[in-house]
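Peer 1: upload-v6.txt is reproduced below (compact mmCIF, C-alpha atoms).
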```txt
# COMPACT_ATOMS: atom_id res chain seq x y z
CA MET A 1 -15.73 -20.46 -0.94
CA ALA A 2 -16.28 -16.83 0.00
CA ASN A 3 -18.31 -14.73 -2.45
CA GLN A 4 -15.78 -11.91 -2.19
CA PHE A 5 -13.03 -14.23 -3.34
CA GLN A 6 -15.11 -15.48 -6.25
CA GLN A 7 -15.57 -11.90 -7.47
CA ASP A 8 -12.00 -10.74 -6.91
CA ASN A 9 -10.08 -8.51 -9.31
CA LEU A 10 -7.25 -10.92 -10.08
CA ILE A 11 -8.06 -10.79 -13.75
CA GLY A 12 -5.75 -10.50 -16.74
CA GLN A 13 -3.66 -12.62 -19.07
CA SER A 14 -0.20 -11.08 -18.75
CA ASN A 15 2.64 -13.49 -18.16
CA ALA A 16 3.59 -11.52 -15.02
CA LEU A 17 0.15 -12.11 -13.46
CA LEU A 18 -0.13 -15.74 -14.56
CA GLU A 19 3.27 -16.52 -13.03
CA VAL A 20 2.13 -15.05 -9.71
CA LEU A 21 -1.13 -17.03 -9.74
CA GLU A 22 0.79 -20.23 -10.48
CA HIS A 23 3.13 -19.45 -7.58
CA VAL A 24 0.13 -18.93 -5.29
CA SER A 25 -1.43 -22.23 -6.32
CA GLN A 26 1.82 -24.03 -5.61
CA VAL A 27 2.35 -22.70 -2.08
CA ALA A 28 -1.31 -22.38 -0.98
CA PRO A 29 -1.79 -26.01 0.22
CA LEU A 30 1.04 -25.69 2.75
CA SER A 31 0.62 -24.23 6.22
CA LYS A 32 3.93 -22.38 6.05
CA PRO A 33 4.27 -18.58 6.44
CA VAL A 34 4.29 -16.58 3.22
CA LEU A 35 5.44 -13.02 2.52
CA ILE A 36 3.72 -10.94 -0.14
CA ILE A 37 5.78 -8.02 -1.42
CA GLY A 38 4.44 -5.35 -3.74
CA GLU A 39 3.79 -1.67 -4.27
CA ARG A 40 0.63 -0.10 -2.89
CA GLY A 41 -2.47 -0.99 -4.87
CA THR A 42 -1.10 -4.17 -6.46
CA GLY A 43 -3.59 -6.50 -4.75
CA LYS A 44 -1.64 -7.95 -1.82
CA GLU A 45 -4.79 -8.58 0.21
CA LEU A 46 -6.44 -10.37 -2.72
CA ILE A 47 -3.42 -12.65 -3.03
CA ALA A 48 -3.60 -13.37 0.71
CA GLU A 49 -7.27 -14.32 0.33
CA ARG A 50 -6.43 -16.57 -2.59
CA LEU A 51 -3.75 -18.30 -0.52
CA HIS A 52 -6.33 -18.95 2.19
CA TYR A 53 -9.19 -20.16 0.01
CA LEU A 54 -6.93 -22.49 -1.98
CA SER A 55 -5.56 -24.02 1.22
CA LYS A 56 -6.89 -26.80 3.44
CA ARG A 57 -8.00 -24.05 5.84
CA TRP A 58 -10.47 -22.54 3.35
CA ASP A 59 -13.48 -23.32 5.58
CA GLN A 60 -11.88 -21.69 8.65
CA SER A 61 -11.45 -18.03 9.56
CA PHE A 62 -9.55 -15.57 7.38
CA ILE A 63 -8.59 -12.69 9.71
CA LYS A 64 -6.75 -9.58 8.55
CA LEU A 65 -5.12 -6.56 10.18
CA ASN A 66 -3.29 -3.50 8.86
CA CYS A 67 -0.30 -3.02 11.16
CA SER A 68 0.27 0.62 10.21
CA SER A 69 -3.12 1.82 11.43
CA LEU A 70 -2.53 1.23 15.16
CA SER A 71 -0.09 2.35 17.81
CA GLU A 72 2.25 -0.24 19.31
CA ASN A 73 0.08 -0.81 22.40
CA LEU A 74 -3.15 -1.13 20.44
CA LEU A 75 -1.51 -3.38 17.87
CA GLU A 76 -0.18 -5.65 20.61
CA SER A 77 -3.65 -5.90 22.11
CA GLU A 78 -5.29 -6.50 18.72
CA LEU A 79 -2.86 -9.26 17.82
CA PHE A 80 -2.53 -11.08 21.12
CA GLY A 81 -5.57 -9.92 23.09
CA HIS A 82 -5.62 -8.75 26.70
CA ASP A 83 -6.95 -9.92 30.02
CA ALA A 84 -9.37 -7.93 32.15
CA GLY A 85 -7.56 -5.24 34.08
CA ALA A 86 -4.52 -5.28 31.80
CA PHE A 87 -4.79 -1.49 31.45
CA THR A 88 -7.21 1.32 32.16
CA GLY A 89 -10.50 0.60 30.42
CA ALA A 90 -9.84 -3.12 29.96
CA SER A 91 -12.95 -4.26 31.81
CA LYS A 92 -13.11 -7.71 30.25
CA LYS A 93 -11.00 -10.24 28.37
CA HIS A 94 -10.37 -9.45 24.70
CA GLU A 95 -9.46 -12.16 22.21
CA GLY A 96 -6.80 -11.03 19.76
CA ARG A 97 -6.50 -11.85 16.08
CA PHE A 98 -4.27 -14.88 16.74
CA GLU A 99 -6.98 -16.45 18.88
CA ARG A 100 -9.77 -15.60 16.45
CA ALA A 101 -7.76 -16.98 13.51
CA ASN A 102 -7.04 -20.30 15.24
CA GLY A 103 -7.29 -23.06 12.65
CA GLY A 104 -7.36 -20.52 9.83
CA THR A 105 -5.21 -17.78 8.30
CA LEU A 106 -4.04 -14.44 9.71
CA PHE A 107 -3.06 -11.76 7.20
CA LEU A 108 -0.89 -8.91 8.48
CA ASP A 109 -0.47 -5.99 6.08
CA GLU A 110 2.18 -3.22 6.29
CA LEU A 111 4.45 -5.49 8.34
CA ALA A 112 7.45 -3.15 7.95
CA ASN A 113 5.75 -0.66 10.28
CA THR A 114 5.76 -2.96 13.32
CA SER A 115 7.98 -2.20 16.31
CA GLY A 116 10.72 -4.38 17.78
CA LEU A 117 8.39 -5.52 20.58
CA ILE A 118 5.72 -6.71 18.15
CA GLN A 119 8.31 -8.42 15.96
CA GLU A 120 9.72 -10.26 18.97
CA LYS A 121 6.27 -11.55 19.97
CA LEU A 122 5.51 -12.57 16.38
CA LEU A 123 8.73 -14.55 16.30
CA ARG A 124 7.69 -16.47 19.42
CA VAL A 125 4.27 -17.33 17.96
CA ILE A 126 5.83 -18.61 14.75
CA GLU A 127 8.44 -20.70 16.57
CA TYR A 128 6.31 -22.15 19.36
CA GLY A 129 2.69 -21.59 18.34
CA GLU A 130 1.94 -19.90 21.65
CA PHE A 131 1.70 -16.46 23.24
CA GLU A 132 0.38 -14.64 26.31
CA ARG A 133 -2.33 -12.01 26.29
CA VAL A 134 -1.37 -8.50 27.36
CA GLY A 135 -1.54 -8.38 31.15
CA GLY A 136 -1.95 -12.14 31.39
CA SER A 137 0.25 -15.03 32.50
CA LYS A 138 -1.63 -17.92 30.88
CA THR A 139 -0.03 -19.39 27.75
CA VAL A 140 -2.44 -19.56 24.82
CA GLN A 141 -1.89 -22.13 22.07
CA THR A 142 -2.76 -21.27 18.49
CA ASP A 143 -2.62 -22.94 15.08
CA VAL A 144 -2.49 -20.12 12.54
CA ARG A 145 -1.16 -19.88 8.98
CA LEU A 146 0.56 -16.49 8.89
CA VAL A 147 0.57 -14.45 5.66
CA CYS A 148 2.29 -11.06 5.82
CA ALA A 149 2.65 -8.23 3.33
CA ALA A 150 4.92 -5.22 2.87
CA ASN A 151 5.55 -2.59 0.23
CA GLU A 152 9.21 -2.21 1.21
CA ASP A 153 12.34 -4.29 0.71
CA LEU A 154 12.47 -6.15 4.03
CA PRO A 155 15.97 -7.64 3.50
CA SER A 156 17.33 -4.08 3.13
CA LEU A 157 15.54 -3.02 6.32
CA ALA A 158 16.98 -6.06 8.11
CA ASP A 159 20.48 -5.11 6.91
CA ILE A 160 20.22 -1.68 8.56
CA GLY A 161 18.57 -2.99 11.73
CA GLU A 162 15.09 -1.66 10.97
CA PHE A 163 13.58 -5.17 10.88
CA ARG A 164 14.47 -8.35 12.76
CA ALA A 165 16.53 -10.64 10.53
CA ASP A 166 15.51 -13.76 12.49
CA LEU A 167 11.82 -12.92 12.05
CA LEU A 168 12.36 -12.33 8.34
CA ASP A 169 13.98 -15.78 8.09
CA ARG A 170 10.93 -17.42 9.70
CA LEU A 171 8.38 -15.50 7.65
CA ALA A 172 10.06 -15.96 4.29
CA PHE A 173 9.43 -19.65 3.77
CA ASP A 174 8.34 -18.36 0.41
CA VAL A 175 7.97 -14.85 -1.01
CA ILE A 176 5.43 -13.78 -3.62
CA THR A 177 6.41 -10.53 -5.32
CA LEU A 178 3.58 -8.79 -7.16
CA PRO A 179 4.29 -6.98 -10.43
CA PRO A 180 3.24 -3.31 -10.61
CA LEU A 181 0.60 -2.45 -13.20
CA ARG A 182 3.18 -0.77 -15.46
CA HIS A 183 4.67 -4.24 -15.97
CA ARG A 184 1.25 -5.65 -16.89
CA GLN A 185 0.51 -3.44 -19.89
CA GLU A 186 -1.65 -6.05 -21.61
CA ASP A 187 -3.94 -6.19 -18.55
CA ILE A 188 -4.65 -2.45 -18.28
CA MET A 189 -7.62 -2.32 -20.67
CA THR A 190 -9.01 -5.64 -19.43
CA LEU A 191 -9.08 -4.26 -15.90
CA ALA A 192 -10.37 -0.87 -17.08
CA GLU A 193 -13.31 -2.51 -18.88
CA TYR A 194 -14.05 -4.63 -15.80
CA PHE A 195 -14.14 -1.60 -13.48
CA ALA A 196 -16.08 0.50 -16.01
CA VAL A 197 -18.81 -2.10 -16.47
CA GLY A 198 -19.11 -2.48 -12.70
CA MET A 199 -19.48 1.29 -12.24
CA ALA A 200 -22.01 1.57 -15.09
CA ARG A 201 -24.04 -1.18 -13.46
CA GLN A 202 -23.84 0.63 -10.11
CA LEU A 203 -25.11 3.83 -11.77
CA LYS A 204 -27.89 1.79 -13.43
CA HIS A 205 -26.76 2.65 -16.95
CA GLU A 206 -28.24 0.47 -19.67
CA LEU A 207 -24.81 -0.19 -21.14
CA PHE A 208 -21.18 0.79 -21.11
CA ALA A 209 -20.23 2.19 -24.52
CA GLY A 210 -16.51 1.63 -24.11
CA PHE A 211 -13.48 3.91 -24.33
CA SER A 212 -12.59 6.14 -27.26
CA PRO A 213 -9.16 5.69 -28.89
CA ARG A 214 -8.01 8.87 -27.15
CA ALA A 215 -9.16 7.63 -23.74
CA THR A 216 -7.58 4.23 -24.37
CA GLN A 217 -4.27 5.90 -25.17
CA GLN A 218 -4.50 7.96 -21.96
CA LEU A 219 -5.02 4.81 -19.92
CA MET A 220 -2.17 2.99 -21.63
CA ASP A 221 0.28 5.91 -21.31
CA HIS A 222 -0.30 6.68 -17.62
CA PRO A 223 2.42 5.22 -15.31
CA TRP A 224 -0.09 4.16 -12.62
CA PRO A 225 2.00 4.76 -9.47
CA GLY A 226 -1.04 3.71 -7.43
CA ASN A 227 -1.42 0.55 -9.52
CA ILE A 228 -4.77 -1.27 -9.72
CA ARG A 229 -6.33 0.75 -6.92
CA GLU A 230 -5.55 3.98 -8.78
CA LEU A 231 -6.81 2.53 -12.07
CA LYS A 232 -10.11 1.55 -10.43
CA ASN A 233 -10.63 5.05 -9.01
CA VAL A 234 -9.73 6.74 -12.29
CA VAL A 235 -11.99 4.54 -14.41
CA GLU A 236 -14.96 4.74 -12.03
CA ARG A 237 -14.58 8.52 -11.79
CA SER A 238 -14.44 8.82 -15.59
CA VAL A 239 -17.58 6.68 -16.02
CA TYR A 240 -19.42 8.70 -13.39
CA ARG A 241 -18.49 12.03 -15.01
CA ASN A 242 -19.40 10.89 -18.52
CA THR A 243 -22.71 12.67 -19.18
CA ASP A 244 -23.50 10.99 -22.51
CA THR A 245 -23.82 7.34 -21.55
CA ASP A 246 -24.59 6.27 -25.14
CA GLU A 247 -21.15 7.41 -26.33
CA PRO A 248 -17.70 6.04 -25.48
CA ILE A 249 -15.72 7.79 -22.77
CA THR A 250 -13.44 10.41 -24.28
CA ASN A 251 -12.08 12.07 -21.15
CA ILE A 252 -10.10 10.20 -18.51
CA VAL A 253 -10.11 12.11 -15.22
CA VAL A 254 -6.74 11.10 -13.77
CA ASP A 255 -6.33 13.93 -11.26
CA PRO A 256 -9.56 15.02 -9.48
CA PHE A 257 -7.67 17.95 -7.92
CA ALA A 258 -6.78 19.50 -11.28
CA SER A 259 -8.47 22.90 -11.47
CA PRO A 260 -7.47 26.47 -12.35
CA TYR A 261 -8.96 27.43 -8.97
CA ARG A 262 -6.88 25.02 -6.92
CA PRO A 263 -5.49 26.87 -3.87
CA THR A 264 -1.82 27.78 -4.14
CA LYS A 265 -1.38 28.84 -0.51
CA ARG A 266 -0.44 27.04 2.65
CA VAL A 267 -1.58 28.82 5.77
CA LYS A 268 1.19 27.27 7.83
CA THR A 269 4.35 25.47 7.09
CA VAL A 270 7.16 24.21 9.26
CA GLU A 271 10.60 24.70 7.89
CA ARG A 272 13.41 22.68 9.37
CA GLN A 273 16.94 23.74 8.71
CA ALA A 274 20.02 21.80 9.65
CA THR A 275 22.22 24.14 11.64
CA ASN A 276 25.30 22.47 13.09
CA GLY A 277 23.34 19.23 13.37
CA LYS A 278 20.39 20.92 15.13
CA GLU A 279 16.93 21.68 13.83
CA VAL A 280 15.38 25.13 13.99
CA ALA A 281 11.59 25.10 13.63
CA SER A 282 9.67 28.14 12.43
CA SER A 283 6.02 28.69 11.52
CA GLU A 284 4.96 31.22 8.95
CA THR A 285 2.46 31.91 6.21
CA THR A 286 3.77 31.10 2.78
CA THR A 287 2.42 31.51 -0.72
CA THR A 288 3.41 30.07 -4.02
CA PRO A 289 5.51 32.68 -5.86
CA THR A 290 3.70 34.55 -8.62
CA SER A 291 5.09 34.78 -12.10
CA ASP A 292 6.69 38.13 -11.14
CA THR A 293 8.68 36.63 -8.27
CA ALA A 294 9.21 33.04 -9.36
CA PRO A 295 12.88 32.26 -10.06
CA ASN A 296 11.95 30.20 -13.14
CA LYS A 297 8.99 31.38 -15.13
CA VAL A 298 7.00 28.49 -16.63
CA ASN A 299 6.29 28.48 -20.34
CA PHE A 300 2.86 27.03 -21.08
CA PRO A 301 1.51 24.61 -22.20
CA ILE A 302 3.12 22.01 -19.92
CA ASP A 303 2.42 18.50 -18.68
CA PHE A 304 1.18 19.38 -15.18
CA LYS A 305 1.85 15.97 -13.62
CA GLU A 306 5.30 15.62 -15.18
CA HIS A 307 6.24 19.16 -14.08
CA CYS A 308 5.16 18.52 -10.46
CA GLU A 309 7.00 15.20 -10.35
CA SER A 310 10.14 16.92 -11.64
CA LEU A 311 9.90 19.52 -8.86
CA GLU A 312 9.45 16.75 -6.27
CA VAL A 313 12.49 14.85 -7.52
CA THR A 314 14.60 18.03 -7.42
CA LEU A 315 13.48 18.75 -3.84
CA LEU A 316 14.17 15.16 -2.76
CA LYS A 317 17.67 15.24 -4.21
CA GLN A 318 18.44 18.55 -2.48
CA ALA A 319 17.10 17.22 0.84
CA LEU A 320 19.13 14.01 0.51
CA GLU A 321 22.27 16.06 -0.06
CA ALA A 322 21.47 18.34 2.90
CA GLY A 323 20.90 15.26 5.06
CA GLN A 324 24.19 13.72 3.90
CA PHE A 325 22.15 10.92 2.24
CA ASN A 326 21.01 9.67 5.65
CA GLN A 327 17.36 8.71 5.22
CA LYS A 328 16.28 9.42 8.79
CA LYS A 329 17.92 12.86 8.74
CA THR A 330 16.43 13.57 5.32
CA ALA A 331 12.95 12.56 6.55
CA GLU A 332 13.31 15.02 9.44
CA LEU A 333 14.33 17.82 7.07
CA LEU A 334 11.17 17.21 5.03
CA ASN A 335 8.90 16.75 8.08
CA LEU A 336 8.12 13.18 6.96
CA SER A 337 8.25 9.87 8.78
CA TYR A 338 11.06 7.49 7.84
CA HIS A 339 8.63 5.13 6.09
CA GLN A 340 6.88 7.97 4.24
CA LEU A 341 10.22 9.12 2.85
CA ARG A 342 11.18 5.60 1.77
CA GLY A 343 7.87 5.24 -0.03
CA ILE A 344 8.42 8.48 -1.95
CA LEU A 345 12.04 7.61 -2.76
CA LYS A 346 10.88 4.23 -4.04
CA LYS A 347 8.23 5.91 -6.21
CA TYR A 348 10.94 7.92 -8.00
CA ASN A 349 13.56 5.11 -8.01
CA LEU A 350 15.83 7.09 -5.69
CA LEU A 351 16.37 4.41 -3.02
CA ASP A 352 19.59 3.26 -4.65
CA LYS A 353 20.91 6.81 -4.44
CA THR A 354 21.06 6.68 -0.64
```
Can you turn what I pasted into structure tokens?

Peer 2:
Amino acid sequence: MANQFQQDNLIGQSNALLEVLEHVSQVAPLSKPVLIIGERGTGKELIAERLHYLSKRWDQSFIKLNCSSLSENLLESELFGHDAGAFTGASKKHEGRFERANGGTLFLDELANTSGLIQEKLLRVIEYGEFERVGGSKTVQTDVRLVCAANEDLPSLADIGEFRADLLDRLAFDVITLPPLRHRQEDIMTLAEYFAVGMARQLKHELFAGFSPRATQQLMDHPWPGNIRELKNVVERSVYRNTDTDEPITNIVVDPFASPYRPTKRVKTVERQATNGKEVASSETTTTPTSDTAPNKVNFPIDFKEHCESLEVTLLKQALEAGQFNQKKTAELLNLSYHQLRGILKKYNLLDKT
């Protein structure tokens, strides 16, 4: 079994985690497709690895690919390969992930970002176990256990035509939904200790002296929108910045950008205004209003993170109203992609408002 899997971070004793691990153990021996749904940083890749190494394919290849990191053409080539001469620069045959994963497991992350073309070809592979390389005419057979992940609600995307419903039916033989860290409160300090000890060892400290009550309370009170990945960064950063290694950590560095010298200017910004259904783009230098010009003067002290989140929510609600609660139009008004907007709306529980 792979060393990486043996040292994974699927640790904790919360009922939410134990239920997921039991679910994984139940479905792992099958060769059916599985969907893993969860917020960013919840450990979707680790669950995919666990599915593979607990299956009968454990001694075969475990191949993974993030679908959001490539353009449609590159993703098609990476998944299905290409023949020599398929396009400019394709001097020799390239085996795609489906060929390389033959007999094993293929994990596709960020599945919601795939195009209709990719989804159509995925559907064919699942149904018939075959595909053609880009620029080729030869049918290639493959035996792959497909595990896919997304941080969005795929049934909702299918309902609005943003994801193929027939592909979703094939992929969702079973669905494993990962709990966010805020629903695993009893695991927060267990994970924090694990990451802290690992970082102390990396820094060659003789010991890790633990967390002070104040630091523990900070860790327990934080909402962890970035989940386990955010917790790992925060804990490791706090251990690294702790100068007295013989004493418990008293200061948790949640936001590394927090500084009285943080720039408050943007050299350029693009403002899009809806004018009779058309967009007018302008570029100008903007600055954050000073206390003399700000419409609402802030009374200090404040909770910086809470204040910023409140401003973001207000802006999102105004943009949604300006875009007539159409997500694509709202994304354009905010100069965001459709999927970026959905991720932010989900963060603030505003998806049901659209």

Peer 1: In Å, how far is it from atom CA of A:Lys56 to atom CA of A:Val147?

Peer 2: 14.6 Å

Peer 1: Can you pull out every residue within 9 Å of stretch 317-322 of chain A, counting all atoms listed in the file, but drop anything in the same chain fewer than 3 positions away, and send it as number ranges by chain?

Peer 2: A: 274, 312-314, 325-327, 329-331, 333-334, 350, 353-354

Peer 1: Could you state the separation of atom CA of A:Phe173 and atom CA of A:Ala112 in Å, given to one decimal place?

Peer 2: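 Calculated distance between atom CA of A:Phe173 and atom CA of A:Ala112 is 17.1 Å.
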
Peer 1: From the set A:Ala200, A:Gln119, A:Gln324, A:Pro223, which residue has the shortest atom-to-atom contact distance to A:Arg184, counting only C-alpha atoms?

Peer 2: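 Using only C-alpha atoms, the shortest distance to A:Arg184 belongs to A:Pro223.
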
Peer 1: From the list A:Ile228, A:Val298, A:Ala209, A:Ile344, which residue is nearest A:Leu178 when using only C-alpha atoms?

Peer 2: A:Ile228

Peer 1: Between atom CA of A:Gly116 and atom CA of A:Thr142, what is the spacing in Å?

Peer 2: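 Those two atoms sit 21.6 Å apart.
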
Peer 1: Using all atoms listed in the file, which of the listed residues (A:Glu236, A:Asp255, A:Glu306, A:Glu22) sits closest to A:Arg50?

Peer 2: A:Glu22

Peer 1: Which of these residues is nearest to A:Val253, using only C-alpha atoms: A:His94, A:Lys328, A:His222, A:Lys265?

Peer 2: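 Looking only at the distances to A:Val253, the closest residue turns out to be A:His222.
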
Peer 1: Which residue, A:Leu21, A:Val140, A:Leu315, A:Leu351, has the smallest gap to A:Pro179 when you use all atoms listed in the file?

Peer 2: A:Leu21

Peer 1: Write out N, CA, C and O atoms for stretch 317-329 of chain A, as a JSON list (two decimals), in the coordinates of the input.

Peer 2:
```
[["chain", "number", "residue", "atom", "x", "y", "z"],
["A", 317, "LYS", "N", 16.22, 15.32, -4.03],
["A", 317, "LYS", "CA", 17.67, 15.24, -4.21],
["A", 317, "LYS", "C", 18.40, 16.28, -3.38],
["A", 317, "LYS", "O", 19.44, 16.00, -2.76],
["A", 318, "GLN", "N", 17.83, 17.50, -3.30],
["A", 318, "GLN", "CA", 18.44, 18.55, -2.48],
["A", 318, "GLN", "C", 18.38, 18.19, -1.00],
["A", 318, "GLN", "O", 19.34, 18.42, -0.25],
["A", 319, "ALA", "N", 17.25, 17.61, -0.57],
["A", 319, "ALA", "CA", 17.10, 17.22, 0.84],
["A", 319, "ALA", "C", 18.05, 16.08, 1.19],
["A", 319, "ALA", "O", 18.65, 16.06, 2.28],
["A", 320, "LEU", "N", 18.19, 15.11, 0.27],
["A", 320, "LEU", "CA", 19.13, 14.01, 0.51],
["A", 320, "LEU", "C", 20.56, 14.53, 0.67],
["A", 320, "LEU", "O", 21.30, 14.10, 1.56],
["A", 321, "GLU", "N", 20.92, 15.49, -0.15],
["A", 321, "GLU", "CA", 22.27, 16.06, -0.06],
["A", 321, "GLU", "C", 22.44, 16.81, 1.25],
["A", 321, "GLU", "O", 23.47, 16.70, 1.92],
["A", 322, "ALA", "N", 21.40, 17.58, 1.64],
["A", 322, "ALA", "CA", 21.47, 18.34, 2.90],
["A", 322, "ALA", "C", 21.54, 17.41, 4.10],
["A", 322, "ALA", "O", 22.16, 17.73, 5.12],
["A", 323, "GLY", "N", 20.89, 16.23, 3.98],
["A", 323, "GLY", "CA", 20.90, 15.26, 5.06],
["A", 323, "GLY", "C", 22.04, 14.27, 4.96],
["A", 323, "GLY", "O", 22.02, 13.23, 5.63],
["A", 324, "GLN", "N", 23.02, 14.57, 4.09],
["A", 324, "GLN", "CA", 24.19, 13.72, 3.90],
["A", 324, "GLN", "C", 23.79, 12.30, 3.52],
["A", 324, "GLN", "O", 24.42, 11.32, 3.90],
["A", 325, "PHE", "N", 22.69, 12.18, 2.76],
["A", 325, "PHE", "CA", 22.15, 10.92, 2.24],
["A", 325, "PHE", "C", 21.80, 9.93, 3.35],
["A", 325, "PHE", "O", 21.74, 8.72, 3.13],
["A", 326, "ASN", "N", 21.54, 10.47, 4.54],
["A", 326, "ASN", "CA", 21.01, 9.67, 5.65],
["A", 326, "ASN", "C", 19.49, 9.79, 5.60],
["A", 326, "ASN", "O", 18.94, 10.89, 5.71],
["A", 327, "GLN", "N", 18.80, 8.66, 5.44],
["A", 327, "GLN", "CA", 17.36, 8.71, 5.22],
["A", 327, "GLN", "C", 16.59, 9.26, 6.42],
["A", 327, "GLN", "O", 15.63, 10.02, 6.25],
["A", 328, "LYS", "N", 16.99, 8.90, 7.62],
["A", 328, "LYS", "CA", 16.28, 9.42, 8.79],
["A", 328, "LYS", "C", 16.44, 10.93, 8.91],
["A", 328, "LYS", "O", 15.49, 11.66, 9.21],
["A", 329, "LYS", "N", 17.67, 11.42, 8.66],
["A", 329, "LYS", "CA", 17.92, 12.86, 8.74],
["A", 329, "LYS", "C", 17.16, 13.58, 7.62],
["A", 329, "LYS", "O", 16.58, 14.66, 7.84]]
```
